[in-house]
Structures are given as structure tokens and as C-alpha cells.
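These notes are about the structure you will find just below.
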Amino acid sequence: MKIKKEIILLILIIFLAGVLRFCQLEKVPPGLYVDEAAIGYNSNSILLTGKDEFGKKLPVFFRSFGDYKLPLYIYFSTLPIKIFGLNVFSVRFISALSGTITGLFIYELVTKIFPRQGKTLGLIASLFWAISPWSVLFSRAAFEAPLALLFFLVGFYFQLTFFEKEKLKILLLSIVFYSLSVYTYHTERFLAPIFVFLSMLIFLKQKKFNQSFLKTSLLGLGAFLLLIFPQYYLFPSFAGQARISSLSIIGKNNLADLPKRFFALYFAYFSPKNLFFETDPDLQRSLPELSVFYSWMVIPWFLGIIEFFKRKTDLNLKTLKLLLFLSPLPAALATDPFSSLRAFPLIFPFLIFISLGTMELKKLIRSNRVWIITIFFLVILSMALLFRSLFFLLPKERYSYWYGGYWQLAKKMEKISTPGILIDDPVGVSYIEFLFYQQYPPEKYQEERPKIDFKNYYHLKNWQNEFHWDQINVRAIDWKEDVYTSQLIVASPIAISESQAKEHFLSRVFAIIGPDGKEILNAYLTNPELKRLENLKNKK
């Protein structure tokens with residue numbers, strides 16, 4: 001049987017997407033960010049005990065660092081952890097797999113929305129997804145956003161299929177995937193319900209509110225509300241409100257300034273400067289010297305916008321326009337000036353614009369061969385820039401932002417025999433790094449840690465920033481007490497200077513050095529006897 005050329009090209013693109021996401025996944029990004037470690041440790045805890053790190057059985061929200069995480073990424077990660085063990089690769093596996101598979105559904109969606117140009121346009125959009133810095137970085141770390149976007153796009157695909165075939169079972173399938181996205185990431189928790197309701201309203205208006213279609217739509221919406229009910233039942237709780245209250249612009253601006261602030265943030269997500277020329281302000285969510293898209297894509301992006309809005313609008317295009325204008329809303333309601341992570345669903349319509357613009361360039365160039373050579377050259381150039389940024393600059397320049405060095409510290413601590421180890425951390429989040437790298441038994445940790453009120457689990461506001469297990473303490477240094485105790489103290493160079501170490505008779509045992517040659521963490525042994533003698537001398 002002859003395999004179509006488009007299928008072969010799509011397989012090659014999906015393979016490329018997989019290579020860019022799985023290659024050295026355990027090493028790049030360097031280290032393991034605390035949120036990733038929390039996901040991994042809690043997923044392993046669920047796998048082994050059916051409870052999270054606090055001992056809560058199968059939670060709907062996972063308490064973490066005074067905030068609450070949505071559950072699905074953690075539950076899904078139990079499978080790779082079961083297969084590969086608790087390690088960096090297994091924690092990032094679901095995100096990398098999601099980012100790889102999404103390319104397939106982008107192809108399917110584009111061919112459905114643009115049937116005339118579908119296959120070529122779908123291949124271009126899938127290729128640009130595969131190599132986009134925006135998609136590659138987030139697919140290589142344990143961010144929930146790629147999995148949530150995959151669920152959302154699968155739901156969108158089945159919804160468009162329902163628009164064609166008008167069968168309830170297809171609509172219900174769409175509703176299931178939309179519901180899964182709601183339980184995966186906070187952006188979709190806001191976006192999916194609004195999008196589902198408004199898109200079904202567009203469908204019913206197109207069908208002139210036919211009684212049969214109205215009944216089918218209401219059944220689908222009823223199923224959606226039923227599936228997401230547990231999530232929104234807890235919405236008034238601290239777990240449901242924590243992320244909103246900490247990030248929302250509402251309450252942080254005067255009411256008179258709120259509209260101006262909102263529209264400024266909203267239109268920032270349509271700014272060519274933010275999309276093609278500058279990096280995300282959050283250095284832990286960006287690649288060095290790369291924006292979310294490559295700079296050359298700005299021209300096809302503009303051409304694609306013109307072409308998109310020139311087209312005669314059918315039901316599918318109306319729904320896509322709705323997604324375009326709704327996607328920045330969750331990010332624009334937060335205080336960050338630009339957050340590529342919270343606006344992640346916006347990547348889909350923007351990829352369509354860039355792909356449409358690329359097709360328009362073909363008309364301008366006129367020569368099919370020149371157009372193919374030009375695109376090939378730009379893709380190769382883009383991949384060279386991506387490899388340089390991802391595999392060379394990122395590990396060196398962003399090492400500390402990803403909590404690089406903590407796995408080396410955990411290994412060194414295993415070889416040191418001291419009565420106690422103090423990790424200086426006033427915030428108290430690094431405890432999860434050691435639990436993860438030590439693979440500390442979750443059932444043992446649940447027994448040792450202070451008990452909490454599980455009846456009010458979703459209402460707990462106070463975050464405990466001091467942790468203790470075995471001989472390890474994670475908290476801020478108490479200079480009045482800790483230097484008089486025989487122990488190993490680990491701290492950043494800023495927390496303990498050379499003069500402080502000398503003053504308190506601290507002997508440096510080892511240092512964790514980053515790829516740039518700078519010290520990240522230092523470990524000191526205390527000398528209580530010398531410190532006491534010094535105090536006696538000073539008193540005399």
C-alpha cells in the first residue's frame with residue numbers, strides 16, 4: 001500500500017518534535033525546579049500510599065508551598081514513575097510526551113478548519129509547533145500547561161467534528177477532554193468553561209436554535225458541568241482561590257485604573273516586541289536570547305493576520321476567533337506584564353497566523369522551489385538558534401533559576417556523617433528537593449511531619465516554612481543558636497560570607513559550583529567549642 005507523502009512528512013515532523021523534547025530531558029533544563037520536585041514527590045507518594053506528602057488521600061487540589069496545584073499532571077505522572085522510577089526524566093515525561101503528540105492534533109485541527117489548504121497548512125503549523133521556543137521549553141519541564149493544552153485541543157477537535165456530524169457521542173467526547181483540561185492547569189480552569197459555553201452558543205445561533213440541536217447542546221453542557229463540579233464546588237475555598245488572590249490584578253489596582261491596566265496587559269500578548277524580539281521577563285520560563293517565536297516569523301505573522309481576517313467566516317473560523325480573543329484573558333487578569341506560560345493556549349491561533357503568512361509568502365515569491373529552499377533555510381537557522389540556546393546557554397546562564405546543584409548536594413550529604421544538617425532556606429521550599437533526590441519514603445515522611453486538619457485541608461492558608469526529618473533541618477539560620485550546635489550548615493554565598501564564616505569558626509567542607517564557575521551553595525562544619533571559648537574570652 002502506497003503511503004501518502006503528507007503522512008510521511010507528518011511522521012517526520014512528530015519525530016522531530018519528540019527528539020527536541022526528549023533529548024537530554026533529564027539534564028536540560030538543568031537541575032529540577034521546586035515545583036517539578038513537588039510534582040514528582042507527590043506523584044510518587046500517591047503511587048506508593050494513595051496520599052500526598054501531607055497524608056491527604058487522593059486530593060482534588062494538592063497543597064504545595066502555601067498554594068494548591070491542580071491534580072491531573074500529578075496523577076498522570078504515576079505511570080512514568082512506576083516504569084522509570086522517581087527521577088527527573090520520569091517527572092518531565094508527561095510534559096514532553098504531551099508536547100510531542102500536540103503536533104499531531106494541530107495538524108488535524110488545521111486541516112479541519114482550512115479544508116482547501118489543509119494538508120500543507122497543517123504540516124507547516126505542526127512543524128512550527130515542533131521547533132517553536134515557546135512550545136519546546138515548556139514541553140521539556142514538568143509544567144502542567146502542555147498537558148492542559150493537549151486536552152483542550154483534543155476537546156476542540158472533537159467539538160469541530162461534532163459541528164460537522166452533529167452526534168451527541170462526539171460532543172460528549174469533546175466535553176470529556178475539555179473537562180480534563182480544567183483539572184490540569186489554572187489557565188484552562190478559567191478558559192475552558194467560558195469557551196465551551198460561548199462556542200456552543202455560536203453553534204446554536206448558526207443552527208437558529210433548532211430544538212433538536214438545543215437539546216443535544218444542553219445535554220453536552222450538562223455533562224460538562226457535572227464533570228467539572230468537584231473543581232468548582234471547591235472554588236470558594238482557599239485552594240480554589242489561592243492562585244487567583246495572589247496573582248489577580250483585581251484588588252491590586254484602583255477601580256478607576258483597572259480597565260486601563262487590564263487592556264494594557266491584554267494587548268501585551270499581541271505585541272510583536274513580546275512575541276518575536278524579547279524574552280519572557282521570568283528567566284525561569286524563557287530561553288536565553290530567544291523570544292517565544294523566532295524573529296523572522298514576525299513577517300508571516302502579520303501577513304497571516306491579514307489573510308485570516310480577509311476570509312469569509314464560517315462556523316469553524318468563528319470558533320477559532322473566539323479562542324484567539326479569549327486565550328489572553330487568564331494571563332491579562334494576572335499582575336505579570338507578560339507571562340508566556342499563562343497565555344500558552346494563544347500559541348495555537350498564532351501558529352495558524354504564521355502558517356497562513358508563510359503560504360502567502362509563497363504567492364509573493366511565486367517560485368515553489370525558491371519558497372521551499374527559503375523555508376528550509378529558515379527552519380535550519382531556527383533549529384541552530386534553538387540548540388545553542390537550549391543546550392549551551394540555558395545550562396550555563398540559568399542554572400540557579402532551575403535549582404541546579406541540589407542533586408549534587410544531596411549526593412554529597414549522603415557521604416557526610418554529622419549529628420545534624422541545616423539547610424538555610426528562610427522560605428522553606430527547598431525541602432522538597434532533598435525529599436525528591438533522597439527518594440525519602442513518603443509513608444515515613446507522612447508519619448514524621450506535623451499533622452494537619454484534613455477536614456479543612458482545602459482551607460489551610462498558613463505555610464509552614466520549617467521542615468525536619470531524620471537529621472536534616474530546612475529553615476533560616478539562627479545565628480544565636482546554630483553556631484553552638486555541632487552540625488553541617490549549607491547556605492548560599494550571600495547567606496554566609498567569608499567574614500561571617502571566620503567570625504563564627506565555620507570550616508568550609510565543600511562547595512557546589514555552577515557551570516559558570518560561580519559558587520551556588522557552600523557547606524560549613526560548625527565548631528561549637530571554639531565559638532564558646534571565643535565568647536568566654538570576650539566576656540573577660
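In the C-alpha cells, each chain is lettered A, B, ... as it comes, each chain's residues begin at 1, and ligands are numbered from 1 in order of appearance.
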Per residue of range 288-333 of chain A within 12 Å of range 347-355 of chain A, which atom pair is closest and at what distance in Å (one decimal), using only C-alpha atoms, listed by chain and increasing number, as a tab-separated table?
residue	atom	partner	partner_atom	distance
A:Val292	CA	A:Ile347	CA	9.2
A:Phe293	CA	A:Leu351	CA	9.4
A:Tyr294	CA	A:Ile354	CA	10.8
A:Ser295	CA	A:Ile354	CA	11.6
A:Trp296	CA	A:Ile354	CA	10.2
A:Met297	CA	A:Ile354	CA	6.5
A:Val298	CA	A:Ile354	CA	7.8
A:Ile299	CA	A:Ile354	CA	8.1
A:Pro300	CA	A:Ile354	CA	5.0
A:Trp301	CA	A:Ile354	CA	4.3
A:Phe302	CA	A:Phe353	CA	7.6
A:Leu303	CA	A:Phe353	CA	7.6
A:Gly304	CA	A:Phe353	CA	4.2
A:Ile305	CA	A:Phe353	CA	5.5
A:Ile306	CA	A:Phe353	CA	8.7
A:Glu307	CA	A:Phe353	CA	8.2
A:Phe308	CA	A:Phe353	CA	7.0
A:Phe309	CA	A:Phe353	CA	10.1
A:Leu317	CA	A:Pro349	CA	10.6
A:Thr319	CA	A:Pro349	CA	11.0
A:Leu320	CA	A:Pro349	CA	7.2
A:Lys321	CA	A:Pro349	CA	8.2
A:Leu322	CA	A:Pro349	CA	10.1
A:Leu323	CA	A:Pro349	CA	7.7
A:Leu324	CA	A:Pro349	CA	5.9
A:Phe325	CA	A:Pro349	CA	9.6
A:Leu326	CA	A:Pro349	CA	11.0
A:Ser327	CA	A:Ile347	CA	9.0
A:Pro328	CA	A:Ile347	CA	10.2
Using N, CA and C atoms, can you write the selected residues to a file as a tab-separated table (two decimals), in the first residue's frame?
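Saved to selection_34.tsv:
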chain	number	residue	atom	x	y	z
A	292	VAL	N	9.46	34.05	22.32
A	292	VAL	CA	8.58	32.87	22.26
A	292	VAL	C	8.52	32.31	20.84
A	293	PHE	N	8.65	33.18	19.84
A	293	PHE	CA	8.79	32.76	18.45
A	293	PHE	C	10.11	33.32	17.91
A	294	TYR	N	10.54	32.82	16.75
A	294	TYR	CA	11.76	33.34	16.12
A	294	TYR	C	11.46	34.69	15.47
A	295	SER	N	12.44	35.55	15.44
A	295	SER	CA	12.24	36.92	14.94
A	295	SER	C	11.73	36.95	13.50
A	296	TRP	N	12.22	36.04	12.66
A	296	TRP	CA	11.82	36.05	11.25
A	296	TRP	C	10.33	35.76	11.07
A	297	MET	N	9.70	35.16	12.07
A	297	MET	CA	8.29	34.79	11.96
A	297	MET	C	7.35	36.00	12.04
A	298	VAL	N	7.88	37.17	12.40
A	298	VAL	CA	7.02	38.35	12.55
A	298	VAL	C	6.40	38.74	11.21
A	299	ILE	N	7.12	38.56	10.12
A	299	ILE	CA	6.58	38.94	8.80
A	299	ILE	C	5.43	38.02	8.40
A	300	PRO	N	5.61	36.69	8.39
A	300	PRO	CA	4.46	35.83	8.09
A	300	PRO	C	3.32	35.98	9.09
A	301	TRP	N	3.63	36.34	10.33
A	301	TRP	CA	2.57	36.55	11.34
A	301	TRP	C	1.66	37.70	10.92
A	302	PHE	N	2.25	38.80	10.52
A	302	PHE	CA	1.46	39.94	10.05
A	302	PHE	C	0.67	39.57	8.79
A	303	LEU	N	1.32	38.92	7.84
A	303	LEU	CA	0.64	38.51	6.61
A	303	LEU	C	-0.50	37.55	6.92
A	304	GLY	N	-0.26	36.66	7.88
A	304	GLY	CA	-1.27	35.68	8.25
A	304	GLY	C	-2.49	36.31	8.90
A	305	ILE	N	-2.27	37.33	9.72
A	305	ILE	CA	-3.38	38.04	10.36
A	305	ILE	C	-4.27	38.69	9.28
A	306	ILE	N	-3.64	39.33	8.31
A	306	ILE	CA	-4.38	39.98	7.22
A	306	ILE	C	-5.19	38.93	6.45
A	307	GLU	N	-4.55	37.83	6.10
A	307	GLU	CA	-5.21	36.77	5.34
A	307	GLU	C	-6.35	36.14	6.15
A	308	PHE	N	-6.12	35.94	7.43
A	308	PHE	CA	-7.13	35.29	8.28
A	308	PHE	C	-8.41	36.12	8.36
A	309	PHE	N	-8.26	37.42	8.58
A	309	PHE	CA	-9.44	38.26	8.75
A	309	PHE	C	-10.07	38.68	7.41
A	317	LEU	N	-14.23	28.99	11.72
A	317	LEU	CA	-13.42	30.21	11.86
A	317	LEU	C	-13.96	31.11	12.97
A	319	THR	N	-15.36	30.05	15.67
A	319	THR	CA	-14.93	29.42	16.91
A	319	THR	C	-13.45	29.67	17.16
A	320	LEU	N	-12.64	29.65	16.10
A	320	LEU	CA	-11.21	29.93	16.22
A	320	LEU	C	-10.98	31.38	16.65
A	321	LYS	N	-11.75	32.29	16.09
A	321	LYS	CA	-11.64	33.70	16.50
A	321	LYS	C	-11.98	33.87	17.98
A	322	LEU	N	-12.99	33.14	18.42
A	322	LEU	CA	-13.35	33.17	19.84
A	322	LEU	C	-12.18	32.72	20.70
A	323	LEU	N	-11.51	31.64	20.30
A	323	LEU	CA	-10.35	31.14	21.03
A	323	LEU	C	-9.23	32.17	21.03
A	324	LEU	N	-9.03	32.83	19.90
A	324	LEU	CA	-7.99	33.86	19.78
A	324	LEU	C	-8.19	34.98	20.80
A	325	PHE	N	-9.41	35.47	20.91
A	325	PHE	CA	-9.66	36.62	21.78
A	325	PHE	C	-9.81	36.24	23.25
A	326	LEU	N	-10.18	34.98	23.52
A	326	LEU	CA	-10.30	34.54	24.91
A	326	LEU	C	-8.98	34.10	25.52
A	327	SER	N	-8.07	33.58	24.70
A	327	SER	CA	-6.83	32.97	25.21
A	327	SER	C	-5.98	33.89	26.10
A	328	PRO	N	-5.85	35.19	25.79
A	328	PRO	CA	-5.02	36.03	26.67
A	328	PRO	C	-5.69	36.43	27.98
* Asked: What residues in range 354-443 of chain A get the DSSP label helix (DSSP H, G or I)? Please answer as a ChimeraX atom specification.
  -> /A:354-365,368-397,400-402,406-414,431-438,442-443
* To do: Have a look at A:Ala141, A:Leu172, A:Val136, A:Ile13 and name the one nearest to Ser389 in chain A; count only C-alpha atoms.
  =>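 Of the candidates, the smallest distance to Ser389 in chain A is held by A:Val136.
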* To do: Write out as a ChimeraX atom specification which residues come within 9 Å of range 511-526 of chain A when counting only C-alpha atoms, dropping same-chain ones fewer than 5 positions away.
  => /A:395-397,399-400,404-406,408-409,418,482-493,496,501,504-506,531
Okay, now the selection with C-alpha atoms, as a PDB file, in the first residue's frame?
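After the write, selection20.pdb holds the following:
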ATOM      1  CA  PRO A 395      22.511  25.207  31.378  1.00  0.00           C
ATOM      2  CA  LYS A 396      25.183  27.846  31.912  1.00  0.00           C
ATOM      3  CA  GLU A 397      23.181  31.054  32.345  1.00  0.00           C
ATOM      4  CA  TYR A 399      21.482  27.060  36.275  1.00  0.00           C
ATOM      5  CA  SER A 400      20.456  28.626  39.578  1.00  0.00           C
ATOM      6  CA  GLY A 404      20.709  23.380  39.733  1.00  0.00           C
ATOM      7  CA  GLY A 405      23.186  21.912  42.197  1.00  0.00           C
ATOM      8  CA  TYR A 406      20.734  20.366  44.629  1.00  0.00           C
ATOM      9  CA  GLN A 408      24.996  17.212  43.801  1.00  0.00           C
ATOM     10  CA  LEU A 409      24.323  18.482  47.307  1.00  0.00           C
ATOM     11  CA  THR A 418      27.295  14.611  61.257  1.00  0.00           C
ATOM     12  CA  ASP A 482      23.047  27.202  65.372  1.00  0.00           C
ATOM     13  CA  VAL A 483      26.759  28.035  65.637  1.00  0.00           C
ATOM     14  CA  TYR A 484      26.767  26.450  69.126  1.00  0.00           C
ATOM     15  CA  THR A 485      25.447  23.142  67.763  1.00  0.00           C
ATOM     16  CA  SER A 486      27.649  20.543  66.100  1.00  0.00           C
ATOM     17  CA  GLN A 487      26.247  20.284  62.560  1.00  0.00           C
ATOM     18  CA  LEU A 488      26.762  20.924  58.867  1.00  0.00           C
ATOM     19  CA  ILE A 489      25.304  24.203  57.637  1.00  0.00           C
ATOM     20  CA  VAL A 490      24.543  24.609  53.922  1.00  0.00           C
ATOM     21  CA  ALA A 491      23.858  28.096  52.599  1.00  0.00           C
ATOM     22  CA  SER A 492      24.304  30.350  49.582  1.00  0.00           C
ATOM     23  CA  PRO A 493      27.400  32.602  49.393  1.00  0.00           C
ATOM     24  CA  ILE A 496      27.227  33.217  54.763  1.00  0.00           C
ATOM     25  CA  ALA A 501      32.416  32.087  58.476  1.00  0.00           C
ATOM     26  CA  HIS A 504      31.739  32.019  63.822  1.00  0.00           C
ATOM     27  CA  PHE A 505      34.582  29.476  63.301  1.00  0.00           C
ATOM     28  CA  LEU A 506      32.849  27.730  60.407  1.00  0.00           C
ATOM     29  CA  LYS A 531      32.888  29.546  69.474  1.00  0.00           C
TER      30      LYS A 531
END
* Hey, what does DSSP flag as strand (DSSP E) within range 45-280 of chain A? Can you give it to me as a list in words? ->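 Residues of range 45-280 of chain A classed as strand (DSSP E): Phe62, Arg63, Ser64, Asp67, Tyr68 and Lys69 of chain A.
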